[in-house]
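Next comes input_15.cif, a file with mmCIF, C-alpha atoms.
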data_data
#
loop_
_atom_site.label_atom_id
_atom_site.label_comp_id
_atom_site.auth_asym_id
_atom_site.auth_seq_id
_atom_site.Cartn_x
_atom_site.Cartn_y
_atom_site.Cartn_z
CA MET S 155 0.00 0.00 0.00
CA ALA S 156 1.17 3.52 -0.61
CA THR S 157 2.40 5.32 2.48
CA PRO S 158 2.22 9.10 2.85
CA GLY S 159 4.94 10.83 0.93
CA GLN S 160 5.06 8.06 -1.65
CA LEU S 161 3.41 8.32 -5.00
CA MET S 162 0.47 6.00 -5.41
CA PHE S 163 1.61 4.58 -8.73
CA ALA S 164 5.35 5.01 -8.34
CA ARG S 165 7.24 2.05 -9.73
CA GLY S 166 10.27 1.18 -11.74
CA LEU S 167 10.46 1.11 -15.48
CA GLY S 168 7.89 -1.07 -17.19
CA PRO S 169 8.95 -4.31 -18.86
CA THR S 170 8.77 -2.77 -22.32
CA ALA S 171 11.16 0.03 -21.41
CA ARG S 172 13.53 -2.42 -19.77
CA LEU S 173 13.33 -4.72 -22.79
CA LEU S 174 14.26 -1.84 -25.08
CA ILE S 175 17.20 -0.82 -22.89
CA TRP S 176 18.54 -4.37 -22.73
CA LEU S 177 18.04 -4.89 -26.46
CA LEU S 178 20.04 -1.73 -27.04
CA ILE S 179 22.83 -3.15 -24.87
CA GLY S 180 22.57 -6.43 -26.79
CA VAL S 181 22.86 -4.72 -30.17
CA SER S 182 25.88 -2.76 -29.01
CA CYS S 183 27.44 -6.01 -27.74
CA VAL S 184 26.96 -7.61 -31.16
CA VAL S 185 28.38 -4.60 -32.99
CA VAL S 186 31.33 -4.16 -30.63
CA ASP S 187 32.13 -7.88 -30.80
CA SER S 188 31.71 -8.53 -34.50
CA ARG S 189 33.09 -5.23 -35.85
CA TYR S 190 35.77 -4.25 -33.36
CA HIS S 191 36.56 -7.54 -31.57
CA ALA S 192 36.65 -5.56 -28.35
CA LEU S 193 35.10 -8.22 -26.12
CA ASP S 194 37.91 -10.76 -26.33
CA GLY S 195 38.78 -10.04 -22.70
CA LEU S 196 35.30 -11.18 -21.68
CA ARG S 197 35.75 -14.36 -23.72
CA ILE S 198 39.05 -15.09 -22.01
CA GLY S 199 37.39 -14.50 -18.63
CA PHE S 200 34.59 -16.93 -19.45
CA SER S 201 37.09 -19.49 -20.72
CA LEU S 202 39.11 -19.35 -17.51
CA LEU S 203 35.92 -19.53 -15.46
CA LEU S 204 34.48 -22.50 -17.34
CA ARG S 205 37.62 -24.49 -18.03
CA PRO S 206 37.59 -26.58 -14.83
CA VAL S 207 33.87 -27.14 -15.26
CA ARG S 208 34.33 -28.43 -18.78
CA GLU S 209 37.15 -30.72 -17.76
CA VAL S 210 35.08 -32.21 -14.96
CA LEU S 211 32.09 -32.67 -17.23
CA ASN S 212 34.24 -34.39 -19.84
CA ALA S 213 35.24 -37.00 -17.27
CA PRO S 214 32.05 -39.13 -17.29
CA GLY S 215 32.24 -39.61 -21.05
CA GLU S 216 35.88 -40.55 -20.83
CA VAL S 217 35.24 -43.03 -18.04
CA ALA S 218 32.42 -44.55 -20.07
CA SER S 219 34.63 -44.97 -23.13
CA GLU S 220 37.40 -46.41 -20.94
CA LEU S 221 34.95 -48.94 -19.56
CA GLY S 222 33.67 -49.71 -23.04
CA GLY S 223 37.26 -50.24 -24.16
CA PHE S 224 37.90 -52.55 -21.24
CA PHE S 225 35.28 -54.95 -22.45
CA THR S 226 36.46 -54.98 -26.05
CA ARG S 227 36.97 -58.51 -27.17
CA HIS S 228 40.44 -59.94 -26.90
CA ARG S 229 40.45 -61.26 -30.43
CA LEU S 230 39.47 -57.87 -31.79
CA LEU S 231 42.41 -56.30 -30.00
CA GLN S 232 44.78 -58.90 -31.37
CA LYS S 233 43.53 -58.34 -34.87
CA GLU S 234 43.95 -54.61 -34.47
CA ARG S 235 47.46 -55.09 -33.11
CA ASP S 236 48.45 -57.21 -36.08
CA ALA S 237 47.07 -54.64 -38.47
CA LEU S 238 48.93 -51.86 -36.64
CA LEU S 239 52.19 -53.80 -36.69
CA ALA S 240 51.87 -54.35 -40.43
CA GLU S 241 51.09 -50.69 -40.96
CA ARG S 242 54.04 -49.67 -38.78
CA THR S 243 56.44 -51.74 -40.89
CA ARG S 244 55.07 -50.17 -44.02
CA LEU S 245 55.31 -46.68 -42.53
CA LEU S 246 58.88 -47.26 -41.35
CA ALA S 247 59.86 -48.28 -44.85
CA GLY S 248 58.11 -45.21 -46.20
CA MET S 249 59.78 -43.01 -43.63
CA ASN S 250 63.27 -44.04 -44.65
CA GLU S 251 62.42 -43.10 -48.17
CA ALA S 252 60.88 -39.82 -47.02
CA ARG S 253 63.94 -38.96 -44.97
CA GLU S 254 66.12 -39.56 -47.97
CA LEU S 255 63.85 -37.39 -50.08
CA ALA S 256 63.77 -34.65 -47.46
CA ARG S 257 67.57 -34.59 -47.36
CA GLU S 258 67.74 -34.44 -51.11
CA ASN S 259 65.05 -31.75 -51.17
CA ALA S 260 66.94 -29.66 -48.61
CA GLU S 261 70.09 -29.94 -50.69
CA LEU S 262 68.30 -28.99 -53.89
CA ARG S 263 66.60 -26.08 -52.19
CA ALA S 264 69.92 -24.90 -50.82
CA LEU S 265 71.38 -25.17 -54.30
CA MET S 266 68.53 -23.17 -55.79
CA GLN S 267 68.58 -20.77 -52.82
CA LEU S 268 64.88 -21.24 -52.18
CA GLN S 269 63.36 -20.31 -48.87
CA ALA S 270 63.05 -23.32 -46.58
CA ARG S 271 59.56 -24.56 -45.89
CA PRO S 272 58.12 -23.65 -42.53
CA GLY S 273 59.24 -26.15 -39.95
CA GLN S 274 56.69 -28.41 -38.40
CA GLN S 275 56.28 -28.64 -34.73
CA VAL S 276 53.07 -30.17 -33.50
CA VAL S 277 50.97 -29.71 -30.40
CA HIS S 278 48.67 -32.57 -29.49
CA ALA S 279 45.24 -31.40 -28.50
CA ALA S 280 42.14 -33.25 -27.44
CA LEU S 281 38.71 -32.23 -28.61
CA LEU S 282 37.03 -30.59 -25.69
CA TYR S 283 33.76 -29.38 -27.01
CA GLN S 284 31.77 -29.03 -30.18
CA GLY S 285 30.09 -25.66 -30.53
CA HIS S 286 26.38 -25.29 -31.13
CA ASP S 287 26.67 -22.45 -33.54
CA TRP S 288 24.62 -22.69 -36.68
CA PHE S 289 26.50 -19.94 -38.45
CA ALA S 290 30.07 -21.22 -38.25
CA GLN S 291 31.20 -24.74 -37.36
CA ARG S 292 33.73 -24.57 -34.59
CA ILE S 293 35.26 -26.99 -32.15
CA THR S 294 37.07 -26.21 -28.93
CA VAL S 295 40.32 -28.03 -28.17
CA ASP S 296 42.20 -28.23 -24.89
CA GLN S 297 45.42 -26.47 -25.84
CA GLY S 298 45.82 -22.73 -25.90
CA ALA S 299 48.25 -19.85 -25.83
CA SER S 300 50.20 -21.46 -22.98
CA SER S 301 51.37 -24.27 -25.27
CA GLY S 302 52.22 -22.00 -28.18
CA VAL S 303 48.97 -22.10 -30.13
CA ARG S 304 48.34 -18.90 -32.07
CA SER S 305 45.45 -17.65 -34.12
CA GLY S 306 45.65 -18.78 -37.74
CA LEU S 307 47.50 -22.07 -37.25
CA PRO S 308 46.34 -25.14 -39.18
CA VAL S 309 44.80 -28.07 -37.30
CA VAL S 310 44.89 -31.62 -38.70
CA ASP S 311 43.92 -35.12 -37.69
CA ALA S 312 45.18 -38.44 -38.99
CA SER S 313 43.14 -38.25 -42.19
CA GLY S 314 43.28 -34.61 -43.17
CA LEU S 315 42.86 -30.93 -42.48
CA VAL S 316 40.38 -30.14 -39.71
CA GLY S 317 40.52 -26.37 -39.87
CA GLN S 318 42.22 -23.29 -38.59
CA VAL S 319 42.63 -21.87 -35.10
CA SER S 320 40.37 -18.84 -34.94
CA ARG S 321 40.35 -17.81 -31.27
CA VAL S 322 42.95 -18.51 -28.65
CA TYR S 323 42.38 -18.56 -24.90
CA PRO S 324 45.05 -19.19 -22.29
CA GLN S 325 44.19 -22.88 -21.86
CA SER S 326 42.01 -23.72 -24.84
CA SER S 327 41.34 -22.55 -28.36
CA GLU S 328 38.58 -22.51 -30.92
CA VAL S 329 39.10 -24.10 -34.32
CA THR S 330 37.00 -23.07 -37.30
CA GLN S 331 36.39 -26.16 -39.41
CA VAL S 332 37.15 -26.27 -43.13
CA SER S 333 33.46 -26.85 -43.85
CA SER S 334 32.40 -23.75 -41.93
CA PRO S 335 30.75 -21.17 -44.20
CA GLU S 336 33.19 -18.67 -45.74
CA GLN S 337 36.25 -20.57 -44.49
CA LEU S 338 38.65 -20.50 -47.46
CA THR S 339 41.39 -23.06 -48.10
CA PRO S 340 43.77 -22.85 -51.08
CA VAL S 341 43.96 -26.33 -52.59
CA PHE S 342 45.09 -28.21 -55.67
CA VAL S 343 43.59 -31.26 -57.32
CA GLU S 344 45.87 -34.20 -56.63
CA ARG S 345 45.33 -35.88 -60.01
CA THR S 346 45.83 -32.87 -62.28
CA GLY S 347 47.65 -30.31 -60.16
CA GLN S 348 44.97 -27.71 -60.92
CA ARG S 349 44.93 -25.01 -58.23
CA GLY S 350 41.76 -23.70 -56.71
CA LEU S 351 40.04 -22.30 -53.69
CA ALA S 352 37.90 -24.50 -51.45
CA ALA S 353 35.24 -22.69 -49.46
CA GLY S 354 33.13 -24.17 -46.71
CA ILE S 355 29.38 -24.08 -47.32
CA GLY S 356 28.21 -25.48 -43.99
CA GLN S 357 26.59 -28.81 -43.11
CA GLY S 358 29.93 -30.54 -43.41
CA ARG S 359 30.50 -29.74 -47.08
CA LEU S 360 32.98 -27.77 -49.15
CA GLU S 361 32.76 -26.17 -52.54
CA LEU S 362 35.59 -25.74 -55.00
CA ARG S 363 35.21 -22.25 -56.37
CA TYR S 364 36.05 -20.65 -59.71
CA MET S 365 36.73 -23.81 -61.72
CA PRO S 366 36.30 -22.96 -65.43
CA ALA S 367 33.76 -25.15 -67.21
CA GLN S 368 36.35 -27.10 -69.19
CA THR S 369 38.39 -28.09 -66.12
CA ASP S 370 39.31 -31.77 -65.87
CA ILE S 371 37.77 -32.73 -62.56
CA ARG S 372 35.55 -35.60 -61.55
CA PRO S 373 34.00 -37.14 -58.44
CA GLY S 374 36.58 -38.99 -56.39
CA ASP S 375 39.42 -36.54 -57.01
CA ARG S 376 41.28 -35.64 -53.83
CA LEU S 377 42.08 -32.05 -52.89
CA LEU S 378 45.31 -31.24 -51.06
CA THR S 379 46.41 -27.92 -49.60
CA SER S 380 48.55 -26.08 -52.12
CA GLY S 381 50.60 -24.19 -49.56
CA ILE S 382 50.76 -21.00 -51.60
CA ASP S 383 49.25 -18.99 -48.76
CA ARG S 384 52.03 -20.01 -46.34
CA VAL S 385 49.34 -20.68 -43.73
CA TYR S 386 48.83 -24.34 -44.47
CA PRO S 387 51.82 -26.53 -45.30
CA ALA S 388 51.47 -28.04 -48.78
CA GLY S 389 50.05 -31.50 -49.29
CA ILE S 390 47.59 -31.95 -46.43
CA PRO S 391 44.48 -33.79 -47.67
CA VAL S 392 41.46 -31.50 -47.43
CA GLY S 393 38.56 -33.15 -49.19
CA GLN S 394 37.26 -35.40 -51.89
CA VAL S 395 35.10 -34.26 -54.80
CA SER S 396 31.63 -35.70 -54.40
CA ARG S 397 29.66 -34.05 -57.18
CA VAL S 398 30.44 -31.98 -60.25
CA SER S 399 27.68 -30.14 -62.05
CA ARG S 400 27.45 -27.38 -64.59
CA SER S 401 24.98 -24.55 -64.34
CA GLN S 402 23.67 -22.50 -67.25
CA ALA S 403 23.95 -19.26 -65.36
CA SER S 404 27.58 -19.35 -64.34
CA PRO S 405 30.78 -19.82 -66.36
CA TYR S 406 32.19 -21.97 -63.55
CA LEU S 407 31.60 -25.57 -62.58
CA ARG S 408 29.81 -26.30 -59.36
CA VAL S 409 32.10 -28.72 -57.53
CA GLU S 410 30.98 -30.09 -54.19
CA CYS S 411 33.44 -31.84 -51.89
CA LEU S 412 33.36 -33.63 -48.59
CA PRO S 413 36.10 -33.01 -46.01
CA LEU S 414 38.40 -35.95 -45.35
CA ALA S 415 39.09 -35.24 -41.69
CA GLY S 416 36.65 -37.04 -39.45
CA ILE S 417 35.21 -33.88 -38.02
CA ASP S 418 32.12 -35.53 -36.54
CA ARG S 419 33.95 -38.38 -34.90
CA LEU S 420 37.37 -37.03 -34.03
CA ARG S 421 38.68 -37.11 -30.49
CA ALA S 422 42.22 -35.83 -30.85
CA VAL S 423 43.80 -33.37 -33.27
CA LEU S 424 47.23 -31.90 -33.98
CA VAL S 425 47.94 -28.20 -34.18
CA LEU S 426 50.78 -27.55 -36.62
CA ILE S 427 53.04 -24.81 -35.36
CA ALA S 428 54.92 -23.54 -38.35
CA ALA S 429 57.78 -21.08 -38.47
CA PRO S 430 56.84 -17.66 -37.08
CA GLN S 431 56.52 -15.94 -40.46
CA VAL S 432 52.99 -17.31 -40.79
CA THR S 433 50.67 -14.70 -42.23
CA LYS S 434 47.45 -14.02 -40.41
CA PRO S 435 44.24 -15.02 -42.16
CA MET P 153 5.01 -22.37 -6.40
CA SER P 154 5.11 -18.63 -6.31
CA THR P 155 3.67 -18.81 -2.79
CA ALA P 156 6.74 -20.68 -1.56
CA SER P 157 8.89 -17.61 -2.13
CA GLN P 158 10.74 -15.27 0.24
CA THR P 159 12.67 -18.05 1.93
CA PRO P 160 16.41 -18.65 1.65
CA ALA P 161 15.64 -22.15 0.45
CA SER P 162 14.03 -20.87 -2.71
CA TRP P 163 17.10 -18.70 -3.39
CA ARG P 164 19.19 -21.80 -3.08
CA ARG P 165 16.87 -23.75 -5.35
CA LEU P 166 16.89 -20.95 -7.90
CA LEU P 167 20.66 -20.66 -8.04
CA GLY P 168 20.99 -24.44 -7.96
CA THR P 169 18.75 -25.03 -10.94
CA LEU P 170 20.34 -22.25 -12.99
CA THR P 171 23.81 -23.62 -12.23
CA LEU P 172 22.58 -27.08 -13.20
CA ALA P 173 21.25 -25.67 -16.48
CA VAL P 174 24.63 -24.07 -17.26
CA LEU P 175 26.42 -27.32 -16.39
CA LEU P 176 24.10 -29.39 -18.58
CA GLU P 177 24.80 -27.01 -21.43
CA GLN P 178 28.54 -27.47 -20.80
CA LEU P 179 28.42 -31.24 -21.27
CA PRO P 180 30.40 -32.37 -24.32
CA TRP P 181 27.41 -32.88 -26.59
CA SER P 182 28.06 -33.98 -30.14
CA GLY P 183 26.37 -35.33 -33.24
CA TRP P 184 22.59 -35.54 -33.31
CA MET P 185 22.43 -35.12 -29.55
CA LEU P 186 23.94 -31.68 -30.07
CA ALA P 187 21.50 -30.93 -32.86
CA ILE P 188 18.45 -31.54 -30.67
CA ARG P 189 19.92 -30.38 -27.36
CA PRO P 190 17.30 -28.25 -25.63
CA ASP P 191 18.36 -24.80 -24.51
CA PHE P 192 18.59 -25.66 -20.81
CA VAL P 193 19.61 -22.17 -19.77
CA LEU P 194 16.73 -20.49 -21.58
CA VAL P 195 14.20 -22.92 -20.12
CA GLY P 196 15.66 -22.38 -16.64
CA VAL P 197 15.60 -18.61 -16.95
CA LEU P 198 12.05 -18.52 -18.30
CA PHE P 199 10.88 -20.90 -15.59
CA TRP P 200 12.16 -18.64 -12.84
CA VAL P 201 10.93 -15.51 -14.58
CA LEU P 202 7.51 -17.11 -14.56
CA HIS P 203 7.61 -18.16 -10.92
CA GLN P 204 9.90 -15.59 -9.29
CA PRO P 205 9.79 -12.49 -11.48
CA ALA P 206 11.04 -10.31 -8.63
CA ARG P 207 14.33 -12.17 -8.47
CA ILE P 208 15.17 -13.19 -11.99
CA GLY P 209 14.77 -10.60 -14.64
CA PHE P 210 16.44 -9.05 -17.63
CA GLY P 211 19.86 -8.62 -16.00
CA THR P 212 20.40 -12.25 -15.04
CA ALA P 213 18.99 -13.44 -18.34
CA PHE P 214 21.35 -11.14 -20.22
CA PHE P 215 24.41 -12.39 -18.34
CA LEU P 216 23.44 -16.03 -18.89
CA GLY P 217 22.84 -15.24 -22.56
CA LEU P 218 26.40 -13.94 -22.84
CA LEU P 219 27.61 -17.13 -21.19
CA VAL P 220 25.77 -19.23 -23.76
CA ASP P 221 27.20 -17.06 -26.53
CA PHE P 222 30.68 -17.85 -25.29
CA GLN P 223 29.74 -21.49 -25.02
CA ASP P 224 28.68 -21.74 -28.65
CA GLY P 225 31.50 -19.57 -29.93
CA ALA P 226 28.81 -17.23 -31.24
CA VAL P 227 29.00 -13.47 -31.42
CA PHE P 228 28.38 -11.86 -28.02
CA GLY P 229 24.82 -10.64 -27.64
CA GLN P 230 23.20 -13.16 -29.94
CA HIS P 231 21.62 -15.37 -27.29
CA ALA P 232 21.51 -12.51 -24.81
CA MET P 233 19.09 -10.59 -27.02
CA ALA P 234 17.05 -13.72 -27.70
CA TYR P 235 16.71 -14.29 -23.96
CA MET P 236 15.55 -10.70 -23.52
CA ILE P 237 12.70 -11.32 -25.95
CA GLY P 238 11.83 -14.58 -24.16
CA VAL P 239 11.81 -12.92 -20.74
CA TYR P 240 9.68 -10.07 -22.00
CA LEU P 241 7.09 -12.37 -23.53
CA VAL P 242 6.91 -14.49 -20.39
CA LEU P 243 6.48 -11.38 -18.23
CA PHE P 244 3.80 -10.18 -20.60
CA LEU P 245 1.86 -13.46 -20.53
CA ARG P 246 2.76 -14.40 -16.96
CA LEU P 247 -0.65 -14.32 -15.29
CA ARG P 248 -2.13 -16.21 -18.17
CA LEU P 249 0.60 -18.87 -18.26
CA LEU P 250 0.32 -19.60 -14.55
CA GLN P 251 -3.26 -20.78 -14.96
CA PHE P 252 -2.60 -23.69 -17.25
CA ASP P 253 -1.75 -27.33 -16.63
CA PRO P 254 1.71 -28.51 -17.78
CA ALA P 255 0.78 -29.61 -21.30
CA ARG P 256 -1.04 -26.41 -22.17
CA GLN P 257 1.61 -24.30 -20.51
CA ALA P 258 4.25 -26.00 -22.63
CA ALA P 259 2.12 -25.46 -25.73
CA GLN P 260 1.96 -21.75 -24.92
CA LEU P 261 5.69 -21.63 -24.24
CA PHE P 262 6.37 -23.02 -27.71
CA PRO P 263 5.82 -19.74 -29.58
CA ILE P 264 7.90 -17.90 -26.97
CA LEU P 265 10.81 -20.33 -27.36
CA LEU P 266 10.38 -20.14 -31.13
CA ALA P 267 10.52 -16.35 -31.03
CA ALA P 268 13.72 -16.49 -28.98
CA GLN P 269 15.32 -18.93 -31.43
CA LEU P 270 14.26 -16.78 -34.37
CA VAL P 271 16.06 -13.85 -32.76
CA VAL P 272 19.19 -16.01 -32.54
CA LEU P 273 18.73 -16.86 -36.22
CA LEU P 274 18.19 -13.25 -37.23
CA VAL P 275 21.13 -11.82 -35.28
CA GLY P 276 23.45 -14.55 -36.57
CA TRP P 277 22.23 -13.97 -40.10
CA ILE P 278 22.90 -10.24 -39.93
CA ALA P 279 26.11 -10.31 -37.92
CA VAL P 280 27.89 -13.47 -39.07
CA ASN P 281 26.79 -15.70 -41.95
CA PRO P 282 23.60 -16.86 -43.56
CA PRO P 283 22.44 -19.93 -41.62
CA SER P 284 22.86 -23.38 -43.11
CA GLY P 285 19.45 -24.96 -43.08
CA LEU P 286 16.64 -24.78 -40.59
CA ALA P 287 18.02 -27.48 -38.30
CA MET P 288 18.54 -24.80 -35.71
CA LEU P 289 14.81 -24.75 -35.00
CA LEU P 290 14.96 -28.34 -33.67
CA PRO P 291 15.96 -27.31 -30.13
CA VAL P 292 12.71 -25.35 -29.88
CA PHE P 293 10.80 -28.63 -29.86
CA SER P 294 13.09 -30.28 -27.33
CA SER P 295 12.99 -27.17 -25.13
CA THR P 296 9.19 -27.27 -25.20
CA LEU P 297 9.29 -30.92 -24.21
CA LEU P 298 11.72 -30.10 -21.42
CA TRP P 299 9.39 -27.38 -20.17
CA TYR P 300 6.50 -29.85 -20.13
CA LEU P 301 8.54 -32.36 -18.11
CA ILE P 302 9.64 -29.70 -15.63
CA ALA P 303 6.12 -28.36 -15.20
CA LEU P 304 4.84 -31.90 -14.70
CA PHE P 305 7.55 -32.57 -12.16
CA MET P 306 6.73 -29.39 -10.24
CA ARG P 307 3.10 -30.39 -10.13
CA VAL P 308 3.88 -33.82 -8.69
CA TRP P 309 6.45 -32.27 -6.36
CA HIS P 310 3.86 -29.98 -4.86
CA GLY P 311 1.55 -32.90 -4.33
CA LYS P 312 -1.14 -31.85 -6.72
CA GLY P 313 -1.13 -35.19 -8.51
CA LEU P 314 -1.13 -35.84 -12.21
CA ARG P 315 -4.86 -35.78 -12.85
CA ASP P 316 -5.70 -32.60 -11.04
CA ARG P 317 -6.62 -29.62 -13.18
CA ALA P 318 -5.37 -26.28 -11.94
#

Let me see the structure of the file written as structure tokens.
Amino acid sequence: MATPGQLMFARGLGPTARLLIWLLIGVSCVVVDSRYHALDGLRIGFSLLLRPVREVLNAPGEVASELGGFFTRHRLLQKERDALLAERTRLLAGMNEARELARENAELRALMQLQARPGQQVVHAALLYQGHDWFAQRITVDQGASSGVRSGLPVVDASGLVGQVSRVYPQSSEVTQVSSPEQLTPVFVERTGQRGLAAGIGQGRLELRYMPAQTDIRPGDRLLTSGIDRVYPAGIPVGQVSRVSRSQASPYLRVECLPLAGIDRLRAVLVLIAAPQVTKP
Amino acid sequence: MSTASQTPASWRRLLGTLTLAVLLEQLPWSGWMLAIRPDFVLVGVLFWVLHQPARIGFGTAFFLGLLVDFQDGAVFGQHAMAYMIGVYLVLFLRLRLLQFDPARQAAQLFPILLAAQLVVLLVGWIAVNPPSGLAMLLPVFSSTLLWYLIALFMRVWHGKGLRDRA
């Protein structure tokens, strides 16, 4: 009830006014974040705050998979071990050859006075979290600035290129996947050597852009990074052409590809730390 | 439910459920589970706005929205603004919503949750990229279902029974 000296209908702002004020704050947040990247400090704060929580919450899943692994059948394990041993022998043989080639390559490059390729140091990272963002496909991994990860570095798994580090926090970092919309990757077609630009189009697919209509390309062709941008080292598998079609309206072919890296099922990735002259994306 | 307010216990319950919602959202979801994951934080916020509007309002919702934005690697403000719209609509329809049984309440929450998700869609579209497909509307359905389950649980919790009409 109103007491003397108090207005009968005195009250705070109505919900509509408060909504408008908060929406204004929201819009300014969006603008400040997307145009000026001025809220990175807040992101780092959140990441430090939530890191222990995320690690704890990852534990049940890990325990479950450990338990599942414990009950894997013995014979299955033996079979896998045999396959791995065979593969190891093959890889060792290949490695000797590669070492020889690398030595020869270094000599030839020295002779031709070419710039050495960026060195490759890797940081192992485990997949921490898959983002729920419908506008850019990102994953969060558990290594950050403290282990030398920088924005712009390439991230790979055993089968191909996963993406590029886009945001770095002290203990974790966000990786934009190759299939994320507007994520560009310079590639070449393995079979013909034709260079091109692969762009993510979302939903786990890529598109090879600006391929003239007479280009020799067909489904099944593999795309490797061309390395001309000096961001990605050359020769990392990126994707495989899944469909080639020609449209009447455009002078270019429409080439759809699927990424080779197991983005939906990966657990661990490698961040490639190249020499420091890496250009920012 | 709103009668059981003004006690420290309800503060504890409020903070507890919101923390639980944030934690659930932090779980390492992936694959189709991620695609249909309900927006736990939004449902939690709207629930408490409905039942304790004096305690949870725009400010808390905005902060939690920013947290979810960080969580999804989205642009800051995207979910925060969506939550603002949700809170406003719930405040606007509050007296009406409180009169319904769980199923009907959930049915009336559906358009509110949909509006919030459409704001997420719109802001992302303008500020980042065009969205890829309409799969992002799936969580609206699971959130509605979650609301129904929570409302049902509250009803049983308060001893009103399943068959009783409010």

Once 4 Å is added on each side, what centre and edge lengths in Å to one decimal does the axis-aligned box around all listed atoms of range 275-285 of chain P have, as AutoDock Vina command-line options?
--center_x 23.7 --center_y -17.6 --center_z -39.4 --size_x 16.4 --size_y 22.7 --size_z 16.3

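Each of S:Ser404, S:Ser188, S:Ser396, S:Thr369 was checked against chain P using only C-alpha atoms; the smallest atom-to-atom distance is that of S:Ser188.
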
Reference answer for the PyMOL selection byres ((chain P) within 7 of (chain S)), as a compact mmCIF listing (two decimals) with C-alpha atoms, in the frame of the given file:
# COMPACT_ATOMS: atom_id res chain seq x y z
CA GLN P 178 28.54 -27.47 -20.80
CA LEU P 179 28.42 -31.24 -21.27
CA PRO P 180 30.40 -32.37 -24.32
CA TRP P 181 27.41 -32.88 -26.59
CA SER P 182 28.06 -33.98 -30.14
CA GLY P 183 26.37 -35.33 -33.24
CA LEU P 186 23.94 -31.68 -30.07
CA PHE P 222 30.68 -17.85 -25.29
CA GLN P 223 29.74 -21.49 -25.02
CA ASP P 224 28.68 -21.74 -28.65
CA GLY P 225 31.50 -19.57 -29.93
CA ALA P 226 28.81 -17.23 -31.24
CA VAL P 227 29.00 -13.47 -31.42
CA PHE P 228 28.38 -11.86 -28.02
CA GLY P 229 24.82 -10.64 -27.64
CA GLN P 230 23.20 -13.16 -29.94
CA ALA P 232 21.51 -12.51 -24.81
CA MET P 233 19.09 -10.59 -27.02
CA MET P 236 15.55 -10.70 -23.52
CA TYR P 240 9.68 -10.07 -22.00
CA GLY P 276 23.45 -14.55 -36.57
CA ALA P 279 26.11 -10.31 -37.92
CA VAL P 280 27.89 -13.47 -39.07
CA ASN P 281 26.79 -15.70 -41.95
CA PRO P 282 23.60 -16.86 -43.56
CA PRO P 283 22.44 -19.93 -41.62
CA SER P 284 22.86 -23.38 -43.11
CA MET P 288 18.54 -24.80 -35.71

Correct to one decimal, the distance CA of Val242 in chain P-CA of Leu202 in chain P is 6.4 Å

Written as a list in words, which residues does the PyMOL selection byres ((chain S and resi 406-412) around 6) give for the file shown? Arg359, Leu360, Glu361, Leu362, Tyr364, Met365, Pro366, Ala367, Gly393, Gln394, Val395, Ser396, Arg397, Val398, Ser399, Arg400, Ser404, Pro405 and Pro413 of chain S

List as a PyMOL selection string the protein and nucleic acid residues near range 337-345 of chain S, meaning an atom at most 10 Å away when all atoms listed in the file are counted, but skip any in the same chain fewer than 3 places from it. chain S and resi 290-291+315+317-318+330-334+348-356+360-363+370-372+374-386+388-395+435

For this file, the PyMOL selection byres ((chain P and resi 303) around 9) selects which residues, as a count of residues only? 16

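Between CA of Ser305 in chain S and CA of Tyr323 in chain S the separation is 9.8 Å.
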
What would range 191-200 of chain S look like with N, CA and C atoms in place, written as a PDB file, keeping the file's coordinate frame?
ATOM      1  N   HIS S 191      35.924  -6.480 -32.355  1.00  0.00           N
ATOM      2  CA  HIS S 191      36.560  -7.540 -31.570  1.00  0.00           C
ATOM      3  C   HIS S 191      37.045  -7.028 -30.212  1.00  0.00           C
ATOM      4  N   ALA S 192      36.226  -6.198 -29.589  1.00  0.00           N
ATOM      5  CA  ALA S 192      36.650  -5.560 -28.350  1.00  0.00           C
ATOM      6  C   ALA S 192      36.283  -6.363 -27.109  1.00  0.00           C
ATOM      7  N   LEU S 193      35.553  -7.474 -27.303  1.00  0.00           N
ATOM      8  CA  LEU S 193      35.100  -8.220 -26.120  1.00  0.00           C
ATOM      9  C   LEU S 193      35.921  -9.485 -25.896  1.00  0.00           C
ATOM     10  N   ASP S 194      37.114  -9.548 -26.482  1.00  0.00           N
ATOM     11  CA  ASP S 194      37.910 -10.760 -26.330  1.00  0.00           C
ATOM     12  C   ASP S 194      38.304 -10.998 -24.878  1.00  0.00           C
ATOM     13  N   GLY S 195      38.464  -9.898 -24.125  1.00  0.00           N
ATOM     14  CA  GLY S 195      38.780 -10.040 -22.700  1.00  0.00           C
ATOM     15  C   GLY S 195      37.691 -10.802 -21.966  1.00  0.00           C
ATOM     16  N   LEU S 196      36.435 -10.493 -22.306  1.00  0.00           N
ATOM     17  CA  LEU S 196      35.300 -11.180 -21.680  1.00  0.00           C
ATOM     18  C   LEU S 196      35.325 -12.661 -22.026  1.00  0.00           C
ATOM     19  N   ARG S 197      35.646 -12.950 -23.298  1.00  0.00           N
ATOM     20  CA  ARG S 197      35.750 -14.360 -23.720  1.00  0.00           C
ATOM     21  C   ARG S 197      36.815 -15.096 -22.909  1.00  0.00           C
ATOM     22  N   ILE S 198      37.967 -14.429 -22.751  1.00  0.00           N
ATOM     23  CA  ILE S 198      39.050 -15.090 -22.010  1.00  0.00           C
ATOM     24  C   ILE S 198      38.609 -15.323 -20.571  1.00  0.00           C
ATOM     25  N   GLY S 199      37.900 -14.336 -19.995  1.00  0.00           N
ATOM     26  CA  GLY S 199      37.390 -14.500 -18.630  1.00  0.00           C
ATOM     27  C   GLY S 199      36.465 -15.697 -18.531  1.00  0.00           C
ATOM     28  N   PHE S 200      35.519 -15.790 -19.454  1.00  0.00           N
ATOM     29  CA  PHE S 200      34.590 -16.930 -19.450  1.00  0.00           C
ATOM     30  C   PHE S 200      35.356 -18.239 -19.596  1.00  0.00           C
TER      31      PHE S 200
END
